[in-house]
Structure formats: structure tokens, C-alpha cells
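> My structure is in entry.txt, and what it holds is compact mmCIF, C-alpha atoms and all ligand atoms:
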# COMPACT_ATOMS: atom_id res chain seq x y z
CA MET A 1 210.19 189.80 117.08
CA PRO A 2 211.44 188.36 113.83
CA SER A 3 212.97 190.83 111.45
CA PRO A 4 211.11 191.64 108.25
CA ARG A 5 214.47 192.01 106.55
CA PRO A 6 216.47 188.97 105.47
CA ARG A 7 219.07 188.09 108.06
CA PRO A 8 222.19 188.35 105.84
CA ALA A 9 221.19 191.85 104.70
CA ARG A 10 220.54 192.92 108.23
CA LEU A 11 223.84 191.46 109.40
CA PHE A 12 225.65 193.30 106.64
CA ILE A 13 224.06 196.61 107.62
CA LEU A 14 224.85 196.04 111.29
CA ALA A 15 228.40 195.04 110.50
CA ALA A 16 228.83 198.21 108.46
CA LEU A 17 227.48 200.27 111.33
CA LEU A 18 229.79 198.60 113.81
CA ALA A 19 232.74 199.13 111.51
CA ALA A 20 231.89 202.80 111.18
CA LEU A 21 231.68 203.22 114.94
CA LEU A 22 234.64 201.05 115.88
CA PRO A 23 237.30 203.72 116.29
CA SER A 24 235.36 205.19 119.20
CA LEU A 25 234.21 201.95 120.82
CA ALA A 26 235.85 199.00 122.47
CA LEU A 27 233.29 196.35 121.72
CA GLY A 28 234.73 193.03 122.90
CA TRP A 29 235.55 189.99 120.84
CA ALA A 30 234.37 190.24 117.25
CA GLY A 31 230.77 189.06 116.95
CA ILE A 32 231.92 185.76 115.48
CA GLN A 33 234.00 184.94 118.59
CA HIS A 34 231.02 185.64 120.85
CA MET A 35 229.05 183.18 118.73
CA HIS A 36 231.81 180.55 118.92
CA ILE A 37 231.98 180.91 122.72
CA THR A 38 228.21 180.61 123.18
CA ARG A 39 227.91 177.59 120.89
CA ALA A 40 230.84 175.80 122.54
CA ALA A 41 229.45 176.55 126.03
CA ALA A 42 225.90 175.36 125.35
CA ARG A 43 227.28 172.15 123.87
CA ASN A 44 229.70 171.72 126.76
CA VAL A 45 227.13 171.31 129.56
CA PRO A 46 227.24 167.91 131.35
CA ASN A 47 225.25 164.93 130.08
CA GLU A 48 222.61 165.30 132.79
CA MET A 49 221.73 168.66 131.20
CA VAL A 50 221.85 167.34 127.65
CA GLY A 51 218.54 168.93 126.58
CA PHE A 52 220.12 172.34 126.93
CA ARG A 53 222.67 171.68 124.19
CA ALA A 54 220.03 172.30 121.52
CA PHE A 55 219.55 175.81 122.92
CA ALA A 56 222.86 176.66 121.25
CA ARG A 57 220.88 177.25 118.04
CA PRO A 58 218.65 180.15 119.17
CA MET A 59 221.16 181.57 121.68
CA VAL A 60 224.26 181.83 119.51
CA TYR A 61 223.32 184.60 117.12
CA PRO A 62 221.77 186.93 119.77
CA SER A 63 224.91 186.64 121.91
CA MET A 64 226.39 189.45 119.86
CA PHE A 65 223.37 191.75 120.30
CA PRO A 66 224.62 193.51 123.47
CA ASP A 67 227.29 195.29 121.40
CA LEU A 68 224.45 196.59 119.20
CA TRP A 69 222.26 197.59 122.14
CA ARG A 70 225.31 199.52 123.29
CA LEU A 71 225.05 201.75 120.25
CA TRP A 72 221.57 202.95 121.20
CA ASP A 73 221.55 202.71 125.00
CA ALA A 74 223.97 204.88 126.99
CA ALA A 75 223.61 202.70 130.11
CA GLU A 76 224.73 199.55 128.27
CA GLY A 77 228.49 200.27 128.08
CA PRO A 78 229.68 199.53 131.66
CA ARG A 79 228.20 196.01 131.49
CA HIS A 80 230.93 195.06 129.00
CA TYR A 81 234.05 195.62 131.13
CA PHE A 82 235.61 195.57 134.56
CA GLU A 83 238.92 197.32 135.25
CA PRO A 84 240.40 196.12 138.54
CA ASP A 85 243.56 198.21 138.03
CA ARG A 86 241.47 201.28 138.88
CA LEU A 87 241.35 199.95 142.46
CA PRO A 88 244.16 200.20 145.04
CA PRO A 89 246.84 197.46 144.75
CA GLY A 90 245.87 194.37 146.72
CA PHE A 91 242.18 195.29 146.81
CA ASP A 92 240.20 192.19 147.80
CA LEU A 93 237.70 191.68 144.97
CA GLY A 94 236.36 188.58 146.68
CA ALA A 95 235.08 190.73 149.56
CA LEU A 96 232.87 192.83 147.28
CA SER A 97 229.13 192.50 147.76
CA THR A 98 227.12 190.76 145.07
CA ASP A 99 224.66 193.63 145.51
CA ARG A 100 226.02 196.16 143.03
CA LEU A 101 224.35 199.20 144.57
CA HIS A 102 225.66 198.26 148.01
CA ALA A 103 229.16 197.65 146.67
CA PHE A 104 229.40 201.00 144.90
CA ARG A 105 227.79 202.87 147.78
CA ASN A 106 229.81 201.33 150.62
CA GLN A 107 232.87 199.48 149.34
CA LEU A 108 234.13 201.25 146.22
CA SER A 109 235.30 204.80 145.62
CA VAL A 110 235.31 204.48 141.80
CA LYS A 111 232.20 205.25 139.79
CA PRO A 112 230.43 202.31 138.06
CA ASP A 113 230.88 203.72 134.55
CA LEU A 114 234.63 204.00 135.14
CA LEU A 115 235.22 200.66 136.85
CA GLY A 116 232.65 198.71 134.85
CA ILE A 117 229.87 196.48 136.16
CA GLY A 118 230.42 193.29 134.13
CA PRO A 119 230.75 190.90 137.13
CA TRP A 120 227.52 192.09 138.76
CA THR A 121 225.68 191.96 135.44
CA ILE A 122 226.73 188.34 134.93
CA ASN A 123 225.89 187.35 138.49
CA ASP A 124 222.46 189.01 138.32
CA LEU A 125 221.70 187.41 134.96
CA MET A 126 222.70 184.02 136.28
CA GLU A 127 220.23 184.47 139.15
CA ASP A 128 217.53 185.61 136.70
CA MET A 129 218.27 182.57 134.55
CA THR A 130 218.01 180.29 137.59
CA GLU A 131 214.64 181.73 138.56
CA ALA A 132 213.39 181.51 134.96
CA MET A 133 214.36 177.83 134.75
CA ARG A 134 212.77 177.16 138.14
CA THR A 135 209.48 178.75 137.01
CA ASN A 136 209.61 177.08 133.60
CA ASP A 137 210.06 180.37 131.70
CA TRP A 138 212.55 179.02 129.20
CA MET A 139 212.27 181.95 126.82
CA TRP A 140 213.52 184.30 129.53
CA ALA A 141 216.13 181.78 130.62
CA ALA A 142 217.46 181.61 127.06
CA ARG A 143 217.46 185.40 126.66
CA CYS A 144 219.34 185.89 129.93
CA GLY A 145 221.73 183.07 129.01
CA SER A 146 222.47 184.57 125.62
CA ALA A 147 223.13 188.09 126.98
CA LEU A 148 225.14 186.63 129.83
CA ALA A 149 227.28 184.77 127.27
CA HIS A 150 228.24 188.10 125.74
CA TYR A 151 229.24 189.79 128.99
CA LEU A 152 231.18 186.75 130.19
CA GLY A 153 232.96 186.56 126.84
CA ASP A 154 233.91 190.23 127.13
CA LEU A 155 235.43 189.74 130.59
CA HIS A 156 237.64 187.00 129.18
CA MET A 157 239.02 189.44 126.62
CA PRO A 158 242.07 190.73 128.52
CA LEU A 159 241.77 194.34 127.34
CA HIS A 160 238.27 194.53 128.85
CA CYS A 161 239.89 194.14 132.25
CA THR A 162 242.36 197.01 132.29
CA ARG A 163 242.08 200.79 132.42
CA ASN A 164 244.66 200.91 129.62
CA TYR A 165 242.13 199.12 127.41
CA ASN A 166 243.21 200.74 124.16
CA GLY A 167 246.85 201.36 124.98
CA GLN A 168 245.97 205.03 125.42
CA GLU A 169 248.13 205.35 128.54
CA THR A 170 251.23 203.85 126.93
CA GLY A 171 251.15 205.20 123.37
CA GLN A 172 249.67 201.98 121.94
CA TYR A 173 246.46 203.49 120.64
CA GLY A 174 244.37 201.03 118.61
CA VAL A 175 245.74 197.87 120.25
CA HIS A 176 242.23 196.87 121.38
CA HIS A 177 240.85 196.49 117.88
CA ARG A 178 244.09 195.00 116.54
CA VAL A 179 244.00 192.20 119.12
CA GLU A 180 240.34 191.35 119.59
CA SER A 181 239.14 191.85 116.09
CA ASP A 182 241.78 192.01 113.35
CA MET A 183 244.13 189.38 114.76
CA THR A 184 241.58 187.06 116.38
CA LYS A 185 239.32 187.02 113.33
CA SER A 186 242.29 186.18 111.11
CA PHE A 187 243.80 183.40 113.18
CA VAL A 188 241.04 181.78 115.28
CA GLY A 189 238.35 179.36 114.14
CA SER A 190 235.63 177.63 116.13
CA GLN A 191 237.70 174.42 116.19
CA ASP A 192 240.36 176.23 118.24
CA ILE A 193 238.00 176.75 121.18
CA LEU A 194 238.37 173.76 123.48
CA PRO A 195 236.48 174.33 126.73
CA PRO A 196 237.36 172.41 129.88
CA PRO A 197 234.47 170.44 131.44
CA ALA A 198 231.72 172.42 133.16
CA VAL A 199 231.74 172.36 136.95
CA TYR A 200 229.29 173.42 139.64
CA LEU A 201 230.25 176.84 141.07
CA ASP A 202 229.85 177.10 144.86
CA GLU A 203 230.55 180.82 144.79
CA PRO A 204 229.81 182.14 141.30
CA PHE A 205 230.55 185.80 142.05
CA ARG A 206 233.98 185.00 143.49
CA ALA A 207 234.64 182.79 140.48
CA ILE A 208 233.69 185.60 138.09
CA MET A 209 236.02 188.01 139.91
CA GLY A 210 238.80 185.40 139.65
CA TRP A 211 238.28 185.14 135.88
CA CYS A 212 238.54 188.94 135.63
CA LEU A 213 241.86 188.89 137.47
CA GLU A 214 243.17 186.25 135.07
CA SER A 215 242.20 188.54 132.19
CA ALA A 216 243.81 191.53 133.90
CA ASP A 217 247.10 189.60 134.20
CA ALA A 218 246.84 188.56 130.56
CA ALA A 219 246.29 192.20 129.55
CA VAL A 220 249.80 193.10 130.76
CA GLU A 221 251.26 190.37 128.53
CA ILE A 222 249.15 191.44 125.56
CA LEU A 223 250.33 195.04 125.84
CA THR A 224 253.95 193.90 126.14
CA ALA A 225 253.51 191.72 123.04
CA ASP A 226 252.01 194.64 121.12
CA ARG A 227 255.07 196.76 121.87
CA ALA A 228 257.38 193.96 120.74
CA ALA A 229 255.41 193.32 117.54
CA THR A 230 255.31 197.04 116.78
CA ALA A 231 259.09 197.22 117.14
CA VAL A 232 259.62 194.23 114.83
CA ALA A 233 257.28 195.80 112.25
CA GLU A 234 259.12 199.14 112.61
CA GLY A 235 255.93 200.86 113.71
CA ALA A 236 253.74 199.51 110.90
CA THR A 237 250.91 198.12 113.04
CA ASP A 238 248.81 197.51 109.93
CA SER A 239 251.43 195.23 108.37
CA GLU A 240 251.54 191.47 108.00
CA THR A 241 254.85 191.45 109.91
CA TYR A 242 253.15 193.06 112.91
CA TYR A 243 250.20 190.62 113.00
CA LEU A 244 252.36 187.52 112.51
CA LYS A 245 254.60 188.57 115.38
CA LEU A 246 251.66 189.54 117.60
CA TRP A 247 250.00 186.16 117.00
CA GLU A 248 253.27 184.34 117.68
CA LEU A 249 253.51 186.13 121.03
CA THR A 250 249.86 185.99 122.13
CA SER A 251 248.24 182.93 120.53
CA ASP A 252 248.53 180.88 123.74
CA ILE A 253 246.84 183.62 125.76
CA ILE A 254 244.07 184.25 123.25
CA LEU A 255 243.20 180.56 122.79
CA GLU A 256 243.28 179.98 126.54
CA ARG A 257 240.97 182.97 127.18
CA LEU A 258 238.48 181.91 124.49
CA SER A 259 238.44 178.29 125.67
CA SER A 260 238.13 179.35 129.32
CA ALA A 261 235.28 181.70 128.39
CA ALA A 262 233.36 178.78 126.87
CA GLY A 263 234.17 176.45 129.77
CA ASN A 264 233.26 178.99 132.44
CA LEU A 265 230.07 179.91 130.62
CA SER A 266 228.98 176.29 130.58
CA SER A 267 229.72 176.16 134.33
CA ILE A 268 227.42 179.16 134.81
CA TYR A 269 224.65 177.45 132.81
CA TYR A 270 225.11 174.23 134.73
CA THR A 271 225.14 175.99 138.13
CA ALA A 272 221.97 177.94 137.25
CA TRP A 273 220.20 174.72 136.26
CA VAL A 274 221.29 172.82 139.40
CA ASN A 275 220.24 175.76 141.61
CA ALA A 276 216.88 175.81 139.82
CA GLY A 277 216.31 172.22 140.97
CA ARG A 278 217.36 170.43 137.77
CA PRO A 279 214.06 171.10 135.93
CA ALA A 280 213.09 169.24 132.75
CA ILE A 281 214.39 171.06 129.69
CA PRO A 282 211.92 171.62 126.82
CA GLU A 283 212.60 171.81 123.09
CA PRO A 284 214.38 175.08 122.22
CA PHE A 285 212.80 178.02 120.43
CA GLU A 286 213.38 178.87 116.81
CA GLU A 287 214.78 182.31 117.65
CA LEU A 288 214.95 184.89 120.41
CA PRO A 289 213.72 188.50 120.32
CA VAL A 290 216.34 191.08 119.39
CA PHE A 291 215.44 193.57 122.11
CA SER A 292 217.63 194.44 125.08
CA ILE A 293 216.63 192.56 128.21
CA PHE A 294 217.47 195.75 130.13
CA SER A 295 216.18 198.73 128.19
CA GLY A 296 214.13 197.25 125.35
CA VAL A 297 216.23 198.93 122.63
CA GLY A 298 216.55 196.89 119.47
CA ILE A 299 219.47 196.24 117.17
CA ASP A 300 218.41 198.68 114.46
CA PRO A 301 219.54 202.28 114.61
CA PRO A 302 216.74 204.37 116.16
CA GLU A 303 218.70 207.56 115.47
CA PHE A 304 218.46 206.94 111.76
CA GLU A 305 214.76 206.20 112.02
CA ASN A 306 214.23 209.27 114.17
CA ARG A 307 216.26 211.40 111.83
CA GLN A 308 214.21 210.16 108.91
CA ARG A 309 211.02 210.72 110.88
CA SER A 310 212.06 214.23 111.91
CA SER A 311 212.98 215.18 108.35
CA GLN A 312 209.56 213.93 107.24
CA GLN A 313 208.04 215.83 110.14
CA ARG A 314 209.82 219.00 109.07
CA LYS A 315 208.40 218.57 105.56
CA TYR A 316 204.86 218.20 106.90
CA ASP A 317 205.34 221.18 109.22
CA LEU A 318 206.47 223.29 106.26
CA ILE A 319 203.41 222.30 104.21
CA ILE A 320 201.02 223.00 107.10
CA TRP A 321 202.60 226.38 107.88
CA SER A 322 202.63 227.31 104.17
CA VAL A 323 198.91 226.49 103.84
CA MET A 324 198.07 228.37 107.05
CA GLY A 325 200.19 231.33 105.91
CA ALA A 326 198.42 231.38 102.55
CA ILE A 327 194.99 231.30 104.26
CA CYS A 328 196.05 234.21 106.51
CA VAL A 329 197.25 236.23 103.51
CA ILE A 330 193.93 235.57 101.68
CA VAL A 331 191.87 236.51 104.77
CA ILE A 332 193.86 239.72 105.38
CA ALA A 333 193.87 240.66 101.67
CA SER A 334 190.17 239.97 101.39
CA SER A 335 189.50 242.03 104.51
CA LEU A 336 191.62 244.92 103.20
CA TYR A 337 189.90 244.69 99.82
CA ARG A 338 186.44 244.72 101.36
CA GLY A 339 187.44 247.65 103.63
CA ALA A 340 188.78 249.63 100.69
CA LYS A 341 185.69 248.84 98.66
CA LEU A 342 183.45 249.94 101.54
CA ARG A 343 185.40 253.19 102.02
CA LYS A 344 185.11 253.88 98.25
CA ALA A 345 181.37 253.26 98.35
CA LEU A 346 180.97 255.56 101.35
CA LYS A 347 182.98 258.31 99.63
CA ALA A 348 180.84 257.98 96.51
CA LYS A 349 177.74 258.63 98.63
ZN ZN B 1 230.71 193.71 124.37
How would this structure read if it were set down as C-alpha cells?

Amino acid sequence: MPSPRPRPARLFILAALLAALLPSLALGWAGIQHMHITRAAARNVPNEMVGFRAFARPMVYPSMFPDLWRLWDAAEGPRHYFEPDRLPPGFDLGALSTDRLHAFRNQLSVKPDLLGIGPWTINDLMEDMTEAMRTNDWMWAARCGSALAHYLGDLHMPLHCTRNYNGQETGQYGVHHRVESDMTKSFVGSQDILPPPAVYLDEPFRAIMGWCLESADAAVEILTADRAATAVAEGATDSETYYLKLWELTSDIILERLSSAAGNLSSIYYTAWVNAGRPAIPEPFEELPVFSIFSGVGIDPPEFENRQRSSQQRKYDLIIWSVMGAICVIVIASSLYRGAKLRKALKAK
């Protein structure tokens, strides 16, 4: 549903909300990086799928919505990460079932909210997208593709693939936000994202797991770089010295991860389309609905609305109870008055 509020105002409000909540949340790349990845991926599909490139327009902006759904839907969080270092060393990720419930019931001893369910979410959405394309439901295909873009982008952010995601196990608290948001927003532009050509994926789930392992390896390097940059900046992790050093040490990793995210996402889109039977691609939509494809929550804060509604409700309740109380007092007083008057009249007789 289109918003009644102008988009810039809404974006500003949402950005303010995100900023307020950031210390307690690891959200993934900044919204702008998710948009860069989605745009680059949609434009990167092979020529035979050229009609899909125009879908970049409606899909780009909603690719940051999952971080907003996450604010209002408790089940949303685990879709944004996968932490293979919670599993025993040498664990064969490639042997995991694509059926998430089966995998967690029979193959894994870690709970889904701890390990994260990003790979299964992406795989399931790719299958949904395939079926939607096959049945000519391009609105659903675009919605799945846009959400999928977010989750795939998150799994290419190295700190979404380690249990030490915020440096909390090594005294590097805050590194998540410093890397993915502060540094990346300052140093990376859309022109820096250079995706490799899209390819058909024979085994998408295995490929997704492989991308997670690449991110997990990169996470070790990022955390090492953070320690080095912190030392150079003499502990001042909010200083220019720190960020310049951190970028010097991690720029190759960050640009590779962002470019790979876009390339791999275009491979997912291409594979979904080929598996759907290479259907004709229609003109894209103007915009996509803002609601979660999982829970239906929107991007506005329901808590605030509820709080406002409940304060209004309390006001109405107070008025109703005051009126009812006043009526009771009048009825009782009138009854007492009439009783007293009757007793007086009887006495007079
Ligand atoms: Zn996210």
C-alpha cells in the first residue's frame, strides 16, 4: 500500500528510529548499501533476462524493509544472520538439509535463533520466486526478490557470519556498527560495487553456504583489523585516525563482499528465472507493498500507534467511568433523599 506520508519524511522518521535502536541491534549493511547491492544485481542479470533489469526500480527501496520489519516482529531477527562458528570445527555445511525444520530437528544441536536461519530463508525465497515467475505472479516474485536481496546482502557482511558479531567476546564492543555502517557509509559509493557476471547455480543451497563461509573467514580479518586500528588510534574508536586505518586494512574485503553480494544475487535471480522455464518478463510495477512477506507487519512503528491508541483508550475509559460514577451517586443520593423524605412524612403522620 502506498504511504500517505511523503517518502522523504517517512525515510527520515525511519532513519531516526533505526538510529535510536542501533546500539541494541546488529542490522546488516546500512540501508543504502542494501539498495546499491539490489540495484547492481538486478542490472547484472544476463542479456536473455534483460526485461528484469527494470525491476531494479521498484525492488531497490524495499530491500531495506526487512531491517524495519525486524523492529516489530520478534521472529524476523534470525533471518538476518548465520553463525557457522557456533558449530563444531569441520562441520559439513554442505550436508545440511534444505528443509530447515528437518535440519534443526535432526542435524543441528544449536537453536535456530542462536545459529541464524539466513541460508534457509534465502533458499526458500528463491523457490518462492521461481514458482511466482512460473505462474506469472510477478508482484510476488518481485517482493520475494527484494526481501531475498536483503538477506543475501546481510550474509555477505562478514560480522553477520560469526558468533562474535559485535566483538563482545574479544572486548571489541561496537565493531559491528563501526564497520558496516560508519565506515562503509563514509567510504563506499555505488560505483565501487562491481559484480562479477551472473551464473546459473546447480546447487543454490550449497552455494549460499559457501558464501557464508567466505564471510566467516573475512570476519576474522575484520576483527583483527579493528584491533590494529584501535591500537593506532590509541583506543579512540570514534576518531578519524581509527576509521582511516580501519579502511586501509579492510577496504579490499568490504568491496569484495559488496561486489560478490551483487553478483551472487544476480545469479540467484537468473537461476530462479531459468528454473521457472524462462517466462516472458512484463513491465515492472511502480512500487511494492511495504508489508513483511512473512508476518504482514509494516515499516511503521505499531508500538507507537498502540501506545497512542491505549492512551486515548484510557482517556475514554476515564470519561465513561466518571459519567457512570456520577449517575450512581445521583441515583443513590436521590434514593436516600426520597427515603429520608418518606420517613419524615411517616413520622409527621
Ligand atoms: Zn538485516
> Please return as a list of chain:residue names every residue within 10 Å of (219.9, 187.7, 127.1), taking into account all atoms listed in the file and the file's own coordinates.
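Residues found, by chain and rising number: A:Met59, A:Pro62, A:Ser63, A:Met64, A:Phe65, A:Pro66, A:Leu125, A:Met129, A:Met139, A:Trp140, A:Ala141, A:Ala142, A:Arg143, A:Cys144, A:Gly145, A:Ser146, A:Ala147, A:Leu148, A:Ala149, A:His150, A:Tyr151, A:Leu288, A:Pro289, A:Val290, A:Phe291, A:Ser292, A:Ile293, A:Phe294.
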> Print the selection's residues with C-alpha atoms to a file, as a CSV table (one decimal), in the coordinates of the input.

chain,number,residue,atom,x,y,z
A,59,MET,CA,221.2,181.6,121.7
A,62,PRO,CA,221.8,186.9,119.8
A,63,SER,CA,224.9,186.6,121.9
A,64,MET,CA,226.4,189.4,119.9
A,65,PHE,CA,223.4,191.8,120.3
A,66,PRO,CA,224.6,193.5,123.5
A,125,LEU,CA,221.7,187.4,135.0
A,129,MET,CA,218.3,182.6,134.6
A,139,MET,CA,212.3,182.0,126.8
A,140,TRP,CA,213.5,184.3,129.5
A,141,ALA,CA,216.1,181.8,130.6
A,142,ALA,CA,217.5,181.6,127.1
A,143,ARG,CA,217.5,185.4,126.7
A,144,CYS,CA,219.3,185.9,129.9
A,145,GLY,CA,221.7,183.1,129.0
A,146,SER,CA,222.5,184.6,125.6
A,147,ALA,CA,223.1,188.1,127.0
A,148,LEU,CA,225.1,186.6,129.8
A,149,ALA,CA,227.3,184.8,127.3
A,150,HIS,CA,228.2,188.1,125.7
A,151,TYR,CA,229.2,189.8,129.0
A,288,LEU,CA,215.0,184.9,120.4
A,289,PRO,CA,213.7,188.5,120.3
A,290,VAL,CA,216.3,191.1,119.4
A,291,PHE,CA,215.4,193.6,122.1
A,292,SER,CA,217.6,194.4,125.1
A,293,ILE,CA,216.6,192.6,128.2
A,294,PHE,CA,217.5,195.8,130.1
> Near Asn136 in chain A, counting all atoms listed in the file, which residues have an atom at most 10 Å away, once you skip same-chain residues fewer than 4 positions from it, shown as a count of residues only?
10
> Taking only C-alpha atoms and all ligand atoms into account, which residues have an atom no farther than 9 Å from ligand ZN 1 (chain B)? I'd like them as a PyMOL selection string.
chain A and resi 26-31+34+64-68+70+77+79-81+150-151+153-155+160
> Go through A:Asp128, A:Glu256, A:Glu180, A:Glu203 and flag the residue nearest Leu159 in chain A, using all atoms listed in the file for the distances.
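Nearest to Leu159 in chain A: A:Glu180.
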> Name the closest residue to Ser215 in chain A among the candidates A:Thr250, A:Thr170, A:Ser267, A:Thr162; distances are taken between atoms, counting only C-alpha atoms.
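Closest candidate: A:Thr162.
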> Please provide the set of residues having any atom within 10 Å of Met49 in chain A, restricted to all atoms listed in the file, with same-chain residues fewer than 3 positions apart removed, written as a list in words.
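The residues satisfying every condition are Ala42, Arg43, Asn44, Val45, Pro46, Phe52, Arg53, Tyr269, Tyr270, Trp273, Val274, Arg278, Pro279, Ala280 and Ile281 of chain A.
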> Nearest to Cys161 in chain A: which of A:Thr224, A:Pro112, A:Glu127, A:Asp85 is it, counting all atoms listed in the file?
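Of A:Thr224, A:Pro112, A:Glu127, A:Asp85, the one nearest Cys161 in chain A is A:Asp85, counting all atoms listed in the file.
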> Neighbours of Thr241 in chain A within 8 Å (all atoms listed in the file; same-chain residues fewer than 5 positions away dropped), as a PDB file with C-alpha atoms, keeping the file's coordinate frame?

ATOM      1  CA  ALA A 229     255.410 193.320 117.540  1.00  0.00           C
ATOM      2  CA  VAL A 232     259.620 194.230 114.830  1.00  0.00           C
ATOM      3  CA  ALA A 233     257.280 195.800 112.250  1.00  0.00           C
TER       4      ALA A 233
END
> Just how far from CA of Arg57 in chain A is CA of Trp69 in chain A, in Å to one decimal?
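Straight-line distance from CA of Trp69 in chain A to CA of Arg57 in chain A works out to 20.8 Å.
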> What is the distance, in Å and to one decimal place, between CA of Pro204 in chain A and CA of Gly90 in chain A?
20.9 Å
> For each of A:Pro78, A:Ser186, A:Trp247, A:Arg134, take the minimum atom-to-atom distance to Lys111 in chain A, counting all atoms listed in the file, then give the residue where this is smallest.
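Under the stated criterion, the closest residue is A:Pro78.
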> When you draw a straight line from CA of Leu255 in chain A to CA of Gly235 in chain A, how long is it in Å?
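Rounded to one decimal, the two atoms are 25.6 Å apart.
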> Quick one: of A:Asp202, A:Asp252, A:Asp92, A:Glu240, who's nearest to Thr271 in chain A, counting only C-alpha atoms?
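Selected residue with least distance to Thr271 in chain A: A:Asp202.
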> Keeping all heavy atoms, write range 210-218 of chain A of the structure just shown out as a short mmCIF file (atom, residue, chain, number, x, y, z; two decimals), in the first residue's frame.

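Below is the file result11.cif, written as the result:
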data_model
loop_
_atom_site.label_atom_id
_atom_site.label_comp_id
_atom_site.auth_asym_id
_atom_site.auth_seq_id
_atom_site.Cartn_x
_atom_site.Cartn_y
_atom_site.Cartn_z
N GLY A 210 28.46 -21.74 0.97
CA GLY A 210 29.84 -21.38 0.62
C GLY A 210 30.07 -19.88 0.81
O GLY A 210 31.10 -19.45 1.33
N TRP A 211 29.09 -19.07 0.40
CA TRP A 211 29.23 -17.61 0.57
C TRP A 211 29.30 -17.24 2.05
O TRP A 211 30.03 -16.33 2.43
CB TRP A 211 28.04 -16.89 -0.11
CG TRP A 211 27.90 -17.22 -1.57
CD1 TRP A 211 28.92 -17.59 -2.42
CD2 TRP A 211 26.70 -17.21 -2.35
NE1 TRP A 211 28.41 -17.80 -3.68
CE2 TRP A 211 27.06 -17.59 -3.68
CE3 TRP A 211 25.37 -16.93 -2.09
CZ2 TRP A 211 26.13 -17.69 -4.71
CZ3 TRP A 211 24.43 -17.02 -3.11
CH2 TRP A 211 24.81 -17.40 -4.41
N CYS A 212 28.53 -17.96 2.87
CA CYS A 212 28.58 -17.71 4.32
C CYS A 212 29.97 -18.01 4.88
O CYS A 212 30.48 -17.26 5.73
CB CYS A 212 27.56 -18.58 5.06
SG CYS A 212 25.87 -18.09 4.77
N LEU A 213 30.56 -19.11 4.41
CA LEU A 213 31.90 -19.45 4.90
C LEU A 213 32.93 -18.41 4.48
O LEU A 213 33.84 -18.08 5.25
CB LEU A 213 32.31 -20.84 4.40
CG LEU A 213 31.60 -22.00 5.10
CD1 LEU A 213 32.03 -23.33 4.50
CD2 LEU A 213 31.87 -21.99 6.61
N GLU A 214 32.78 -17.87 3.28
CA GLU A 214 33.68 -16.78 2.85
C GLU A 214 33.55 -15.59 3.81
O GLU A 214 34.53 -14.99 4.21
CB GLU A 214 33.32 -16.33 1.43
CG GLU A 214 33.63 -17.34 0.34
CD GLU A 214 33.02 -16.96 -1.02
OE1 GLU A 214 32.45 -15.85 -1.14
OE2 GLU A 214 33.11 -17.79 -1.93
N SER A 215 32.30 -15.27 4.16
CA SER A 215 32.08 -14.15 5.09
C SER A 215 32.65 -14.46 6.46
O SER A 215 33.23 -13.59 7.12
CB SER A 215 30.58 -13.86 5.21
OG SER A 215 30.10 -13.27 4.03
N ALA A 216 32.49 -15.71 6.90
CA ALA A 216 33.02 -16.09 8.22
C ALA A 216 34.54 -15.93 8.25
O ALA A 216 35.11 -15.45 9.24
CB ALA A 216 32.62 -17.54 8.53
N ASP A 217 35.21 -16.31 7.17
CA ASP A 217 36.68 -16.13 7.11
C ASP A 217 37.02 -14.64 7.13
O ASP A 217 37.96 -14.22 7.81
CB ASP A 217 37.24 -16.75 5.81
CG ASP A 217 37.22 -18.28 5.86
OD1 ASP A 217 37.07 -18.83 6.97
OD2 ASP A 217 37.33 -18.91 4.79
N ALA A 218 36.24 -13.86 6.39
CA ALA A 218 36.50 -12.42 6.34
C ALA A 218 36.28 -11.76 7.71
O ALA A 218 36.95 -10.78 8.04
CB ALA A 218 35.60 -11.76 5.30
#
